Each structure stands twice: as C-alpha cells, then as structure tokens.
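Dumped entry_9.tsv below, it's TSV, C-alpha atoms:
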chain	number	residue	atom	x	y	z
A	285	ALA	CA	3.76	-35.92	31.43
A	286	ALA	CA	4.34	-35.55	35.17
A	287	VAL	CA	0.64	-35.96	35.97
A	288	GLY	CA	0.42	-39.00	33.68
A	289	ALA	CA	3.43	-40.65	35.29
A	290	ALA	CA	2.12	-39.93	38.79
A	291	ALA	CA	-1.33	-41.28	37.93
A	292	THR	CA	0.16	-44.45	36.43
A	293	LEU	CA	2.27	-44.99	39.52
A	294	ALA	CA	-0.72	-44.34	41.79
A	295	LEU	CA	-2.74	-46.97	39.93
A	296	GLY	CA	-0.17	-49.60	40.93
A	297	SER	CA	2.12	-49.75	37.93
A	298	ALA	CA	5.83	-50.26	38.35
A	299	PRO	CA	8.02	-47.13	38.53
A	300	ILE	CA	9.67	-48.00	35.20
A	301	ASP	CA	6.26	-48.23	33.52
A	302	ALA	CA	5.20	-44.89	35.02
A	303	ALA	CA	8.44	-43.30	33.83
A	304	LEU	CA	7.88	-44.65	30.30
A	305	VAL	CA	4.37	-43.17	30.24
A	306	GLY	CA	5.71	-39.77	31.30
A	307	LEU	CA	8.53	-39.93	28.76
A	308	THR	CA	6.18	-40.99	25.96
A	309	VAL	CA	3.78	-38.13	26.69
A	310	LEU	CA	6.69	-35.70	26.80
A	311	ILE	CA	7.96	-36.88	23.41
A	312	VAL	CA	4.65	-37.19	21.59
A	313	SER	CA	3.42	-33.77	22.71
A	314	CYS	CA	6.50	-31.93	21.49
A	315	PRO	CA	4.94	-28.77	19.97
A	316	CYS	CA	7.00	-28.82	16.77
A	317	ALA	CA	3.90	-28.96	14.58
A	318	LEU	CA	2.29	-26.05	16.42
A	319	GLY	CA	5.53	-24.08	16.33
A	320	LEU	CA	5.93	-24.65	12.60
A	321	ALA	CA	2.30	-24.25	11.51
A	322	THR	CA	2.08	-20.46	11.34
A	323	PRO	CA	5.59	-19.39	10.26
A	324	LEU	CA	5.80	-21.98	7.48
A	325	ALA	CA	2.39	-21.06	6.08
A	326	VAL	CA	3.28	-17.36	6.17
A	327	ALA	CA	6.65	-18.06	4.55
A	328	ALA	CA	4.89	-19.94	1.75
A	329	GLY	CA	2.54	-17.00	1.23
A	330	ILE	CA	5.41	-14.51	1.09
A	331	ARG	CA	7.23	-16.79	-1.38
A	332	ASP	CA	4.25	-17.16	-3.70
A	333	ALA	CA	3.55	-13.41	-3.56
A	334	ALA	CA	7.17	-12.62	-4.43
A	335	LYS	CA	6.97	-14.91	-7.48
A	336	ARG	CA	4.22	-12.63	-8.76
A	337	GLY	CA	6.08	-9.40	-8.12
A	338	ILE	CA	4.37	-8.64	-4.81
A	339	VAL	CA	6.44	-7.76	-1.76
A	340	VAL	CA	4.58	-8.45	1.47
A	341	VAL	CA	5.85	-5.94	4.01
A	342	SER	CA	3.70	-7.08	6.94
A	343	ASP	CA	3.12	-10.80	7.42
A	344	ALA	CA	0.08	-9.95	9.57
A	345	VAL	CA	-1.96	-9.49	6.39
A	346	PHE	CA	-2.31	-13.24	6.02
A	347	GLU	CA	-4.17	-13.46	9.31
A	348	ASP	CA	-5.76	-10.03	9.76
A	349	ALA	CA	-6.75	-9.13	6.20
A	350	ALA	CA	-7.68	-12.43	4.58
A	351	ASP	CA	-11.34	-11.42	4.34
A	352	ILE	CA	-11.51	-7.92	2.88
A	353	ASP	CA	-15.02	-6.55	2.40
A	354	THR	CA	-14.23	-3.34	0.51
A	355	VAL	CA	-11.42	-2.51	-1.93
A	356	VAL	CA	-10.75	1.20	-2.43
A	357	LEU	CA	-8.85	2.06	-5.61
A	358	ASP	CA	-7.20	5.43	-6.08
A	359	LYS	CA	-7.75	6.69	-9.62
A	360	THR	CA	-4.64	8.59	-10.66
A	361	GLY	CA	-1.62	6.30	-10.82
A	362	THR	CA	-3.61	3.20	-9.89
A	363	LEU	CA	-6.54	2.78	-12.26
A	364	THR	CA	-4.70	5.05	-14.67
A	365	ASP	CA	-1.05	4.80	-15.62
A	366	GLY	CA	-0.23	7.92	-13.62
A	367	ARG	CA	1.64	9.41	-16.56
A	368	MET	CA	-0.09	12.72	-16.92
A	369	ARG	CA	0.26	14.40	-20.30
A	370	LEU	CA	-0.18	17.95	-21.51
A	371	LEU	CA	-2.90	17.49	-24.12
A	372	ASP	CA	-3.98	20.96	-25.21
A	373	ALA	CA	-3.79	24.66	-24.45
A	374	THR	CA	-6.36	27.43	-24.86
A	375	THR	CA	-5.40	31.08	-24.46
A	376	GLU	CA	-7.02	34.47	-24.56
A	377	ASP	CA	-7.05	36.24	-27.89
A	378	GLY	CA	-3.65	37.77	-28.49
A	379	THR	CA	-1.81	35.79	-25.78
A	380	PRO	CA	0.80	33.47	-27.35
A	381	VAL	CA	0.51	29.80	-26.46
A	382	ASP	CA	4.29	29.65	-26.01
A	383	ARG	CA	4.20	32.36	-23.38
A	384	VAL	CA	1.41	30.75	-21.38
A	385	CYS	CA	3.03	27.31	-21.50
A	386	GLY	CA	6.53	28.64	-20.83
A	387	ARG	CA	5.46	30.63	-17.77
A	388	ALA	CA	3.39	27.71	-16.47
A	389	ALA	CA	6.33	25.34	-16.77
A	390	ALA	CA	8.72	27.88	-15.22
A	391	VAL	CA	6.86	27.79	-11.90
A	392	GLU	CA	5.57	24.20	-12.10
A	393	ARG	CA	9.13	22.85	-12.26
A	394	ALA	CA	9.27	23.30	-8.48
A	395	SER	CA	6.30	21.00	-7.85
A	396	PRO	CA	6.58	17.18	-7.63
A	397	HIS	CA	2.91	16.72	-8.56
A	398	PRO	CA	2.27	14.53	-11.65
A	399	ILE	CA	0.29	17.34	-13.29
A	400	ALA	CA	3.21	19.74	-12.84
A	401	GLU	CA	5.62	17.18	-14.29
A	402	ALA	CA	3.28	16.70	-17.26
A	403	ILE	CA	3.25	20.42	-18.00
A	404	VAL	CA	7.03	20.72	-17.78
A	405	SER	CA	7.61	17.60	-19.90
A	406	GLY	CA	5.02	18.66	-22.46
A	407	VAL	CA	6.50	22.14	-22.82
A	408	LEU	CA	10.03	20.82	-23.16
A	409	GLY	CA	8.85	18.45	-25.88
A	410	GLU	CA	9.68	15.30	-23.92
A	411	ASP	CA	6.24	13.86	-24.70
A	412	ARG	CA	5.84	14.93	-28.32
A	413	ASN	CA	3.74	11.93	-29.34
A	414	HIS	CA	1.02	12.84	-26.88
A	415	THR	CA	1.19	16.62	-26.65
A	416	GLY	CA	-0.40	18.87	-29.23
A	417	VAL	CA	1.29	21.88	-27.64
A	418	ALA	CA	4.86	20.66	-27.95
A	419	THR	CA	4.58	19.52	-31.55
A	420	ASP	CA	2.95	22.67	-32.89
A	421	GLY	CA	5.37	24.53	-35.12
A	422	GLY	CA	8.45	24.64	-32.92
A	423	THR	CA	6.56	25.48	-29.73
A	424	ALA	CA	8.72	23.11	-27.71
A	425	ALA	CA	11.94	24.74	-28.84
A	426	ALA	CA	10.65	28.19	-28.01
A	427	ALA	CA	9.46	27.09	-24.59
A	428	ASP	CA	12.72	25.23	-23.95
A	429	SER	CA	14.73	28.37	-24.56
A	430	ALA	CA	12.47	30.22	-22.14
A	431	LEU	CA	12.79	27.55	-19.46
A	432	PRO	CA	16.35	26.85	-18.30
A	433	ARG	CA	16.29	24.95	-15.03
A	434	ASP	CA	17.97	27.84	-13.24
A	435	HIS	CA	15.82	30.54	-14.84
A	436	PRO	CA	17.18	33.75	-13.23
A	437	ASP	CA	13.86	35.58	-13.64
A	438	THR	CA	11.75	32.92	-11.87
A	439	THR	CA	11.71	33.54	-8.11
A	440	ASP	CA	9.65	33.20	-4.94
A	441	ILE	CA	8.04	29.91	-5.98
A	442	ASP	CA	5.54	28.58	-3.44
A	443	VAL	CA	3.95	25.14	-3.90
A	444	LEU	CA	0.36	25.14	-2.58
A	445	ASP	CA	-2.23	22.40	-2.16
A	446	ARG	CA	-3.99	23.30	-5.41
A	447	GLY	CA	-1.28	24.92	-7.47
A	448	VAL	CA	1.94	26.88	-7.60
A	449	VAL	CA	2.65	30.60	-7.24
A	450	GLY	CA	5.86	32.29	-8.38
A	451	ARG	CA	7.32	35.39	-9.99
A	452	VAL	CA	8.43	35.26	-13.63
A	453	ASP	CA	10.04	38.34	-15.15
A	454	GLY	CA	8.63	40.34	-12.25
A	455	ASP	CA	5.03	39.18	-12.72
A	456	GLU	CA	3.20	37.08	-10.14
A	457	VAL	CA	2.25	33.90	-12.00
A	458	ILE	CA	-0.31	31.42	-10.66
A	459	VAL	CA	-0.78	27.94	-12.10
A	460	GLY	CA	-3.37	25.55	-10.72
A	461	HIS	CA	-6.97	24.92	-9.77
A	462	PRO	CA	-9.64	27.50	-10.70
A	463	ASP	CA	-10.37	28.01	-6.99
A	464	LEU	CA	-6.94	29.64	-6.54
A	465	PHE	CA	-7.96	32.41	-8.91
A	466	ASP	CA	-11.45	32.77	-7.45
A	467	GLU	CA	-9.99	33.17	-3.97
A	468	ARG	CA	-7.83	36.04	-5.24
A	469	ASN	CA	-10.67	37.55	-7.33
A	470	TRP	CA	-8.65	37.26	-10.51
A	471	ALA	CA	-10.61	37.81	-13.71
A	472	VAL	CA	-11.53	34.83	-15.88
A	473	SER	CA	-13.07	35.41	-19.30
A	474	ASP	CA	-16.12	33.44	-20.36
A	475	HIS	CA	-14.04	31.96	-23.17
A	476	LEU	CA	-11.44	30.48	-20.82
A	477	ARG	CA	-13.98	29.42	-18.21
A	478	GLY	CA	-15.85	27.58	-20.94
A	479	ALA	CA	-12.60	25.93	-22.05
A	480	GLY	CA	-12.00	24.75	-18.48
A	481	THR	CA	-15.51	23.31	-18.25
A	482	ALA	CA	-15.13	21.55	-21.59
A	483	THR	CA	-11.80	20.07	-20.47
A	484	ARG	CA	-13.36	18.74	-17.29
A	485	ASP	CA	-16.33	17.31	-19.18
A	486	ARG	CA	-13.90	15.32	-21.33
A	487	GLY	CA	-12.52	13.73	-18.19
A	488	ASN	CA	-9.28	15.73	-18.17
A	489	VAL	CA	-7.90	18.21	-15.66
A	490	PRO	CA	-8.07	21.95	-16.48
A	491	VAL	CA	-5.07	23.91	-15.20
A	492	TYR	CA	-5.48	27.67	-15.18
A	493	VAL	CA	-2.49	29.93	-15.87
A	494	GLY	CA	-2.58	33.62	-15.07
A	495	TRP	CA	-0.62	36.76	-14.28
A	496	GLY	CA	-1.40	40.41	-13.90
A	497	GLY	CA	-4.64	39.73	-12.06
A	498	ARG	CA	-6.33	37.64	-14.75
A	499	VAL	CA	-6.30	34.14	-16.22
A	500	ARG	CA	-4.39	34.01	-19.52
A	501	GLY	CA	-4.83	30.40	-20.54
A	502	VAL	CA	-6.15	26.94	-19.71
A	503	LEU	CA	-4.01	23.82	-20.07
A	504	ALA	CA	-5.66	20.41	-20.46
A	505	VAL	CA	-3.84	17.59	-18.65
A	506	GLY	CA	-4.87	13.94	-18.57
A	507	ASP	CA	-3.61	10.38	-18.29
A	508	GLU	CA	-4.61	6.99	-19.69
A	509	VAL	CA	-6.34	4.13	-17.93
A	510	ARG	CA	-4.27	1.05	-17.15
A	511	GLU	CA	-4.66	-1.88	-19.45
A	512	GLY	CA	-6.92	-4.57	-18.00
A	513	TRP	CA	-8.47	-2.43	-15.27
A	514	GLU	CA	-11.96	-3.64	-16.19
A	515	SER	CA	-11.09	-7.29	-15.64
A	516	VAL	CA	-9.45	-6.43	-12.32
A	517	VAL	CA	-12.53	-4.72	-10.87
A	518	ALA	CA	-14.69	-7.51	-12.32
A	519	ASP	CA	-12.57	-10.11	-10.51
A	520	LEU	CA	-12.81	-8.20	-7.24
A	521	ASP	CA	-16.57	-7.90	-7.65
A	522	ALA	CA	-16.88	-11.61	-8.47
A	523	ASP	CA	-15.16	-12.38	-5.16
A	524	GLY	CA	-18.01	-10.59	-3.41
A	525	ARG	CA	-16.02	-7.48	-2.52
A	526	ARG	CA	-17.35	-3.94	-2.68
A	527	VAL	CA	-15.26	-1.88	-5.12
A	528	VAL	CA	-14.87	1.86	-4.52
A	529	VAL	CA	-12.93	4.43	-6.57
A	530	LEU	CA	-11.41	7.40	-4.76
A	531	THR	CA	-10.10	10.48	-6.56
A	532	GLY	CA	-9.34	14.11	-6.01
A	533	ASP	CA	-10.38	14.89	-9.58
A	534	ALA	CA	-13.79	16.11	-10.67
A	535	SER	CA	-16.64	13.66	-11.18
A	536	ALA	CA	-16.32	13.90	-14.95
A	537	ALA	CA	-12.77	12.54	-14.80
A	538	ALA	CA	-14.07	9.41	-13.06
A	539	ARG	CA	-17.19	8.97	-15.15
A	540	GLN	CA	-15.94	5.91	-17.04
A	541	PHE	CA	-15.30	4.16	-13.72
A	542	ALA	CA	-18.68	5.12	-12.26
A	543	ASP	CA	-20.38	3.58	-15.28
A	544	HIS	CA	-18.72	0.18	-14.79
A	545	PRO	CA	-21.16	-2.35	-13.27
A	546	ALA	CA	-18.50	-3.87	-10.99
A	547	ILE	CA	-17.76	-0.54	-9.27
A	548	ASN	CA	-20.16	0.15	-6.45
A	549	GLU	CA	-19.31	3.76	-5.70
A	550	VAL	CA	-17.05	6.61	-6.80
A	551	PHE	CA	-15.92	9.39	-4.44
A	552	ALA	CA	-14.71	12.34	-6.52
A	553	GLU	CA	-13.14	15.68	-5.58
A	554	VAL	CA	-11.79	14.20	-2.34
A	555	PRO	CA	-8.89	16.33	-1.05
A	556	PRO	CA	-5.76	14.49	0.15
A	557	GLU	CA	-6.49	15.11	3.82
A	558	ALA	CA	-9.96	13.53	3.49
A	559	LYS	CA	-8.87	10.26	1.87
A	560	ALA	CA	-7.90	8.63	5.17
A	561	GLU	CA	-11.20	9.70	6.77
A	562	THR	CA	-13.11	8.21	3.83
A	563	VAL	CA	-11.31	4.90	4.32
A	564	ARG	CA	-12.11	4.95	8.04
A	565	ARG	CA	-15.80	5.55	7.36
A	566	LEU	CA	-15.89	2.70	4.87
A	567	GLY	CA	-14.22	0.56	7.54
A	568	ALA	CA	-17.25	0.97	9.77
A	569	ASP	CA	-19.04	-1.55	7.53
A	570	GLY	CA	-16.20	-4.10	7.40
A	571	SER	CA	-12.52	-4.53	6.61
A	572	VAL	CA	-11.05	-2.25	3.92
A	573	ALA	CA	-8.13	-2.51	1.52
A	574	MET	CA	-6.69	0.64	-0.03
A	575	VAL	CA	-4.67	0.59	-3.26
A	576	GLY	CA	-2.73	3.77	-4.08
A	577	ASP	CA	0.58	5.18	-5.22
A	578	GLY	CA	1.00	8.82	-4.19
A	579	SER	CA	2.25	10.58	-1.08
A	580	ASN	CA	-1.27	11.92	-0.53
A	581	ASP	CA	-2.47	8.29	-0.42
A	582	ALA	CA	-0.10	7.36	2.42
A	583	PRO	CA	-2.48	8.28	5.30
A	584	ALA	CA	-5.29	6.31	3.64
A	585	LEU	CA	-2.97	3.32	3.09
A	586	ALA	CA	-2.03	3.40	6.77
A	587	ALA	CA	-5.67	3.74	7.86
A	588	ALA	CA	-6.82	0.70	5.87
A	589	ASP	CA	-6.78	-2.87	7.15
A	590	LEU	CA	-4.66	-3.67	4.12
A	591	GLY	CA	-2.61	-1.02	2.34
A	592	VAL	CA	-1.31	-1.87	-1.14
A	593	SER	CA	1.13	0.46	-2.89
A	594	ILE	CA	2.31	0.48	-6.49
A	595	ALA	CA	6.11	0.49	-6.73
A	596	SER	CA	6.23	3.31	-9.28
A	597	GLY	CA	4.60	5.55	-6.69
A	598	THR	CA	6.27	7.51	-3.92
A	599	ASP	CA	8.46	6.16	-1.14
A	600	LEU	CA	6.01	7.53	1.42
A	601	ALA	CA	3.21	5.42	-0.03
A	602	ALA	CA	5.40	2.31	-0.03
A	603	ASP	CA	6.40	2.91	3.59
A	604	ALA	CA	2.74	3.13	4.64
A	605	ALA	CA	1.68	-0.01	2.75
A	606	ASP	CA	1.46	-3.64	3.86
A	607	ALA	CA	2.25	-4.90	0.36
A	608	VAL	CA	3.97	-3.37	-2.68
A	609	LEU	CA	3.31	-4.29	-6.32
A	610	LEU	CA	6.77	-4.25	-7.91
A	611	ASP	CA	5.89	-4.47	-11.60
A	612	ASP	CA	2.94	-2.04	-11.48
A	613	ARG	CA	0.50	-4.70	-12.72
A	614	LEU	CA	-2.98	-3.82	-11.52
A	615	SER	CA	-3.87	-7.48	-12.09
A	616	ALA	CA	-1.56	-8.27	-9.17
A	617	VAL	CA	-4.25	-6.97	-6.78
A	618	PRO	CA	-6.60	-9.96	-7.29
A	619	GLU	CA	-3.52	-12.21	-7.22
A	620	LEU	CA	-2.56	-10.78	-3.83
A	621	PHE	CA	-6.03	-11.59	-2.49
A	622	ALA	CA	-5.74	-15.11	-3.88
A	623	VAL	CA	-2.38	-15.57	-2.15
A	624	MET	CA	-3.79	-14.19	1.09
A	625	ARG	CA	-6.80	-16.50	0.88
A	626	GLY	CA	-4.64	-19.54	0.11
A	627	THR	CA	-2.16	-18.71	2.88
A	628	ASN	CA	-4.91	-18.25	5.43
A	629	ARG	CA	-6.42	-21.58	4.43
A	630	ARG	CA	-3.01	-23.30	4.66
A	631	LEU	CA	-2.41	-21.77	8.08
A	632	LYS	CA	-5.73	-23.14	9.34
A	633	GLN	CA	-4.92	-26.57	7.86
A	634	ASN	CA	-1.57	-26.66	9.65
A	635	LEU	CA	-2.98	-25.53	12.97
A	636	GLY	CA	-5.92	-27.91	12.61
A	637	TRP	CA	-3.63	-30.86	12.00
A	638	ALA	CA	-1.37	-29.87	14.91
A	639	PHE	CA	-4.29	-29.71	17.34
A	640	VAL	CA	-5.87	-32.94	16.05
A	641	TYR	CA	-2.54	-34.72	16.31
A	642	ASN	CA	-2.07	-33.69	19.94
A	643	ALA	CA	-5.70	-34.46	20.77
A	644	VAL	CA	-5.21	-38.03	19.50
A	645	ALA	CA	-1.57	-38.75	20.34
A	646	VAL	CA	-1.46	-37.52	23.93
A	647	PRO	CA	-4.36	-39.77	25.15
A	648	MET	CA	-2.74	-42.73	23.35
A	649	ALA	CA	0.53	-42.01	25.15
A	650	LEU	CA	-1.24	-41.72	28.52
A	651	SER	CA	-3.03	-45.02	27.96
A	652	GLY	CA	0.25	-46.81	27.18
A	653	ILE	CA	-0.64	-47.60	23.56
A	654	LEU	CA	2.46	-45.68	22.41
A	655	ASN	CA	6.00	-46.25	23.57
A	656	PRO	CA	8.82	-43.65	23.35
A	657	LEU	CA	10.01	-44.96	19.96
A	658	LEU	CA	6.56	-44.79	18.38
A	659	ALA	CA	6.02	-41.38	20.02
A	660	ALA	CA	9.20	-40.07	18.41
A	661	LEU	CA	8.10	-41.36	15.01
A	662	ALA	CA	4.64	-39.82	15.44
A	663	MET	CA	6.10	-36.48	16.45
A	664	ALA	CA	8.51	-36.43	13.49
A	665	SER	CA	5.74	-37.46	11.09
A	666	SER	CA	3.50	-34.66	12.35
A	667	SER	CA	6.18	-32.05	11.82
A	668	LEU	CA	7.01	-33.50	8.40
A	669	LEU	CA	3.36	-33.31	7.39
A	670	VAL	CA	3.17	-29.63	8.35
A	671	VAL	CA	6.40	-28.86	6.47
A	672	THR	CA	5.21	-30.74	3.36
A	673	ASN	CA	1.80	-29.05	3.43
A	674	SER	CA	3.42	-25.62	3.71
A	675	ALA	CA	5.83	-26.32	0.84
A	676	ARG	CA	2.92	-26.55	-1.62
A	677	ALA	CA	1.91	-23.45	-3.55
A	678	VAL	CA	-0.75	-21.44	-1.78
A	679	TYR	CA	-1.77	-19.38	-4.81
A	680	GLU	CA	-5.16	-20.13	-6.30
A	681	LYS	CA	-6.70	-18.51	-9.36

Just give me the structure as structure tokens.
Amino acid sequence: AAVGAAATLALGSAPIDAALVGLTVLIVSCPCALGLATPLAVAAGIRDAAKRGIVVVSDAVFEDAADIDTVVLDKTGTLTDGRMRLLDATTEDGTPVDRVCGRAAAVERASPHPIAEAIVSGVLGEDRNHTGVATDGGTAAAADSALPRDHPDTTDIDVLDRGVVGRVDGDEVIVGHPDLFDERNWAVSDHLRGAGTATRDRGNVPVYVGWGGRVRGVLAVGDEVREGWESVVADLDADGRRVVVLTGDASAAARQFADHPAINEVFAEVPPEAKAETVRRLGADGSVAMVGDGSNDAPALAAADLGVSIASGTDLAADAADAVLLDDRLSAVPELFAVMRGTNRRLKQNLGWAFVYNAVAVPMALSGILNPLLAALAMASSSLLVVTNSARAVYEK
C-alpha cells in the first residue's frame, strides 16, 4: 500500500488520489480469506468426522496424512472383535478339566491380556454361550468355588511377556505360550503337543497350563472377526492403498486374512516390541496408517504417519493415536480417509481462492479501478466465500 501510494504520487497524481490508492490496496489485501482458509476447512473436517463417531485428536492429519499409501491393520481387537473366548480344554489322562482351568484362571486373573480375561471369564461361566468348558456339567460352579478373587493359596504371581507364573496351593503354575515351557525344559506329552498344534491350525490360540515340571492341559482361546471387515479392506484396496495385517498370533490364526485378495501382506508372530519397527520399515516406501487397539499397539500407532485407535481399546493406544473410532465400527476407517481427502481438497480450494483473489484484486486496486468502498465489498465477499465453502460437508463416499 505504501509503495503503491508513493508510486502514484511520483507519477504526478494528487496527494488525495495517492492516499486513496494506498488505502484501497490496504483494504482489498486484508488477509481474512487466507487467515480463514485453513482453520475453517480443518474445523469442517473435525465436525464431519465427529458426526461419524470419529474423534480427530491431531488436526495435522488433514494436511500431513491425506495421502496414505499403506494401511496396517492389527488383527486382534481390530479385524476381530477383541473378545477372546475360552473355547475348549484338553488335559492329560487323569487330570480333571476343572483343576486345569481353575489353576489357569487363578494365576491369569492378574494379567490384563485379553486371553487371560477370556480364560477367567470362561472358567467363571460368564461366557456360557461360547465356552464348552464352562457349560460342561457344572464345571463353572466348581471352578468358581476354587477361584475367589482373593484366593489365599495363590501367591507370587508374575506377569511375563508370553504368560503368567504363580504359586497355587504351593505348586508353581505356568500358563502361557509353549515357549515358556520349552525354556524351562518342562515335559509336554505328544498328546498335548498335538492338541496345541491342532488348536493353532484351526486359527485359535493354544494356551499351555502346567505345574510340577510338566504341561497338564491345553486351553483353546479365540475371538470372532468383526462384521463387515471384508468390505472395509476391499474399500481400502479400491482406493489404491496397500493393506497389511499385523498380528502377534501364529500364521494359522491369520490365514483367513491372508487369503483375501484385497490384503497385500500378513505379518504374523510379530512380538509387541517389533510392531513399531515393522511400521517404520513399511514407511520407507510411503506414508503409513496404523489401526490398533491395544497397549502393545501404542508404539506402532505413534510411529505411523496416521495412528487410528479403537475406543474400546486401551487408554495408552488412544493417547498415541491421531484419531479415535468411538463406536468401534471398522467401517469408520474408510470414512475417516474420505473425510481426510475431502478436508484436504476443501483446504486447497480455500487457499486457492484466497491467493487468486489477492492476485486479481491487488493489481486492480493499484491501477485505481477499485475505490475503498468497492475494496471493502470485495474483501468481505472473499471472506464470505471461504466461510460458505467451508460450511459445506467435506465427507465423500
């Protein structure tokens, strides 16, 4: 404005005319449109996401993560409902099922892991419709009587990465992954080892239970896939995104996902500490989104360009995420991408209009075509256009 006024005065115009040019430029170039373009577009994106049960924690996702190349989906609790169930129990000849299940639940009650919760719930009969163990001839009642929450004979419980160790009635009881028993050279009969293999081949998780230096039984634990997961991965694939499934379970447990044509790759038997590194390696080929729900997913959620947590998961996962799905709908993941894409497009529209407006209006003001009144109207109209454009829904199916 100052340069324009000085130039007008230097070209021989009257001081009042030079002052009007400077004032007009000052008014017409008011950066309201530029100042409103980004925050209003982001606000519209947050609003549309909230309408679909998605809380956007970091507004940077609309700019930084609009074009995601790879979507990594955790299996347990994300592609599945996360509600692990005690499905079956196999014991050595002569070892009562009640005793194996009761001792397993007695030590597992100290662990927050979904598998531990499934064993405790199944033994106590809280999941009778899904658990063959709890509904078998009063098994639940017997186990319940053997499992008060403050069991005086259950002590020295230690929660490990792959299981739980504790003392029940003076015996050291181990419940968990077969590797725990192999590391301690505990005996496993061919019968029980075969039961564990068969459980894994069915896509479930075998949990070994032992005391006295040998495995006494194998518990089968599993969960159900979320409704509509196939359409979700198909939508992500149709958008041109690479879809990857990440799980700490054995390959057999993820077989149904590996066979789906929309899923590009499945990483199985990935320990919690390696999930974040897997996400980083996938990020070497482009931007990555991680969808998970558990505490062991939190580092991977933080390492991804976009971390998406399911609300039914842990607080640690939600804290590490950029967006949280409140109603646990897996279908909200493609909706989130649609909102991000629409918001990013709206943001570019607003910024584009703001720059075009200034590129046209400022030269007109310098040339004297606009006066202060018309400049004020142009400036207000520009801001109104940005506000109106941002008020429209950004979501696109």

Could you build a table of the residues in range 546-572 of chain A lying no more than 10 Å from range 509-532 of chain A, giving for each the nearest pair of atoms and their separation in Å rounded to one decimal place, using all atoms listed in the file, ordered by chain and ascending residue number, as JSON lines?
{"residue": "A:Ala546", "atom": "CA", "partner": "A:Ala518", "partner_atom": "CA", "distance": 5.4}
{"residue": "A:Ile547", "atom": "CA", "partner": "A:Val527", "partner_atom": "CA", "distance": 5.0}
{"residue": "A:Asn548", "atom": "CA", "partner": "A:Val527", "partner_atom": "CA", "distance": 5.5}
{"residue": "A:Glu549", "atom": "CA", "partner": "A:Val528", "partner_atom": "CA", "distance": 5.0}
{"residue": "A:Val550", "atom": "CA", "partner": "A:Val529", "partner_atom": "CA", "distance": 4.7}
{"residue": "A:Phe551", "atom": "CA", "partner": "A:Leu530", "partner_atom": "CA", "distance": 4.9}
{"residue": "A:Ala552", "atom": "CA", "partner": "A:Thr531", "partner_atom": "CA", "distance": 5.0}
{"residue": "A:Glu553", "atom": "CA", "partner": "A:Gly532", "partner_atom": "CA", "distance": 4.1}
{"residue": "A:Val554", "atom": "CA", "partner": "A:Gly532", "partner_atom": "CA", "distance": 4.4}
{"residue": "A:Pro555", "atom": "CA", "partner": "A:Gly532", "partner_atom": "CA", "distance": 5.5}
{"residue": "A:Pro556", "atom": "CA", "partner": "A:Gly532", "partner_atom": "CA", "distance": 7.1}
{"residue": "A:Ala558", "atom": "CA", "partner": "A:Gly532", "partner_atom": "CA", "distance": 9.5}
{"residue": "A:Lys559", "atom": "CA", "partner": "A:Leu530", "partner_atom": "CA", "distance": 7.7}
{"residue": "A:Thr562", "atom": "CA", "partner": "A:Leu530", "partner_atom": "CA", "distance": 8.8}
{"residue": "A:Val563", "atom": "CA", "partner": "A:Leu530", "partner_atom": "CA", "distance": 9.4}
{"residue": "A:Leu566", "atom": "CA", "partner": "A:Val528", "partner_atom": "CA", "distance": 9.5}
{"residue": "A:Val572", "atom": "CA", "partner": "A:Arg526", "partner_atom": "CA", "distance": 9.3}

Checklist line | Exercise: range 337-343 of chain A partners within 7 Å, only C-alpha atoms, chain neighbours under 5 positions left out, as an MDAnalysis selection string | finding: chainID A and resid 326 330 606:611

Margin query: Could you tell me how far CA of Ala389 in chain A sits from CA of Val404 in chain A, in Å to one decimal place?
Written below: 4.8 Å

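Of the listed residues A:Leu614, A:Ala333, A:Val459, A:Ala325, the one whose atoms come nearest to Ala390 in chain A is A:Val459, with distances taken using only C-alpha atoms.
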
Item checked: Who sits within 12 Å of Ala573 in chain A, all atoms listed in the file, same chain under 3 positions skipped, as a PyMOL selection string -> chain A and resi 345+348-358+520+525-529+560+563-564+566-567+570+576+584-593+605-607+617-618+620-621

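Checking A:Gly506, A:Pro647, A:Gly597, A:Gly296 one by one against Leu371 in chain A, counting only C-alpha atoms, you find the shortest gap at A:Gly506.
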
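Ranking A:Ala659, A:Val623, A:Ala604, A:Ala298 by their shortest atom-to-atom distance to Lys335 in chain A, with all atoms listed in the file included, puts A:Val623 first.
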
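With distances taken from (-6.0, 35.5, -26.9) and restricted to all atoms listed in the file, the residues inside 10 Å are Thr374, Thr375, Glu376, Asp377, Gly378, Thr379, Pro380, Val381, His475, Leu476, Arg500 and Gly501 of chain A.
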
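Closest approach to Leu669 in chain A from the set A:Arg477, A:Cys316, A:Lys359, A:Ile311 is made by A:Cys316, with distances taken over only C-alpha atoms.
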
Notebook entry, point to check: Which residues, written as a list in words, have at least one atom at most 12 Å from Arg468 in chain A, with all atoms listed in the file counted and residues fewer than 6 positions away on the same chain left out?
Noted result: Val449, Ile458, Pro462, Gly494, Trp495, Gly496, Gly497, Arg498 and Val499 of chain A

Note to self: Here's a test: counting all atoms listed in the file, identify every protein, DNA and RNA residue with an atom at most 10 Å from (6.3, -42.8, 27.5) in the file's coordinate frame, and state them as a ChimeraX atom specification.
What the structure shows: /A:285,288-289,300-312,648-660

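Interatomic distance, CA of Thr439 in chain A against CA of Asp581 in chain A: 30.0 Å.
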
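CA of Ala645 in chain A to CA of Ala321 in chain A spans 17.4 Å [interatomic distance, one decimal].
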
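Distances to Gly319 in chain A were evaluated for A:Ala675, A:Met663, A:Ala504, A:Leu635 using only C-alpha atoms, and the minimum falls at A:Leu635.
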
Next item on the list: Excluding Ala394 in chain A and any residue of its chain fewer than 6 positions from it, enumerate the residues within 12 Å of it, using only C-alpha atoms, and give them as number ranges by chain.
Entry: A: 388, 400-401, 403-404, 433-435, 438-444, 447-450, 459

Around range 440-456 of chain A, with edges along x, y and z and 5 Å added on all six sides, what centre and edge lengths do you get, in Å to one decimal, as AutoDock Vina command-line options?
--center_x 3.0 --center_y 31.4 --center_z -8.7 --size_x 24.0 --size_y 27.9 --size_z 23.0

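Of the residues under consideration (A:Val505, A:Val671, A:Ala471, A:Ala294), A:Val505 shows the shortest atom-to-atom contact distance to Pro398 in chain A when counting all atoms listed in the file.
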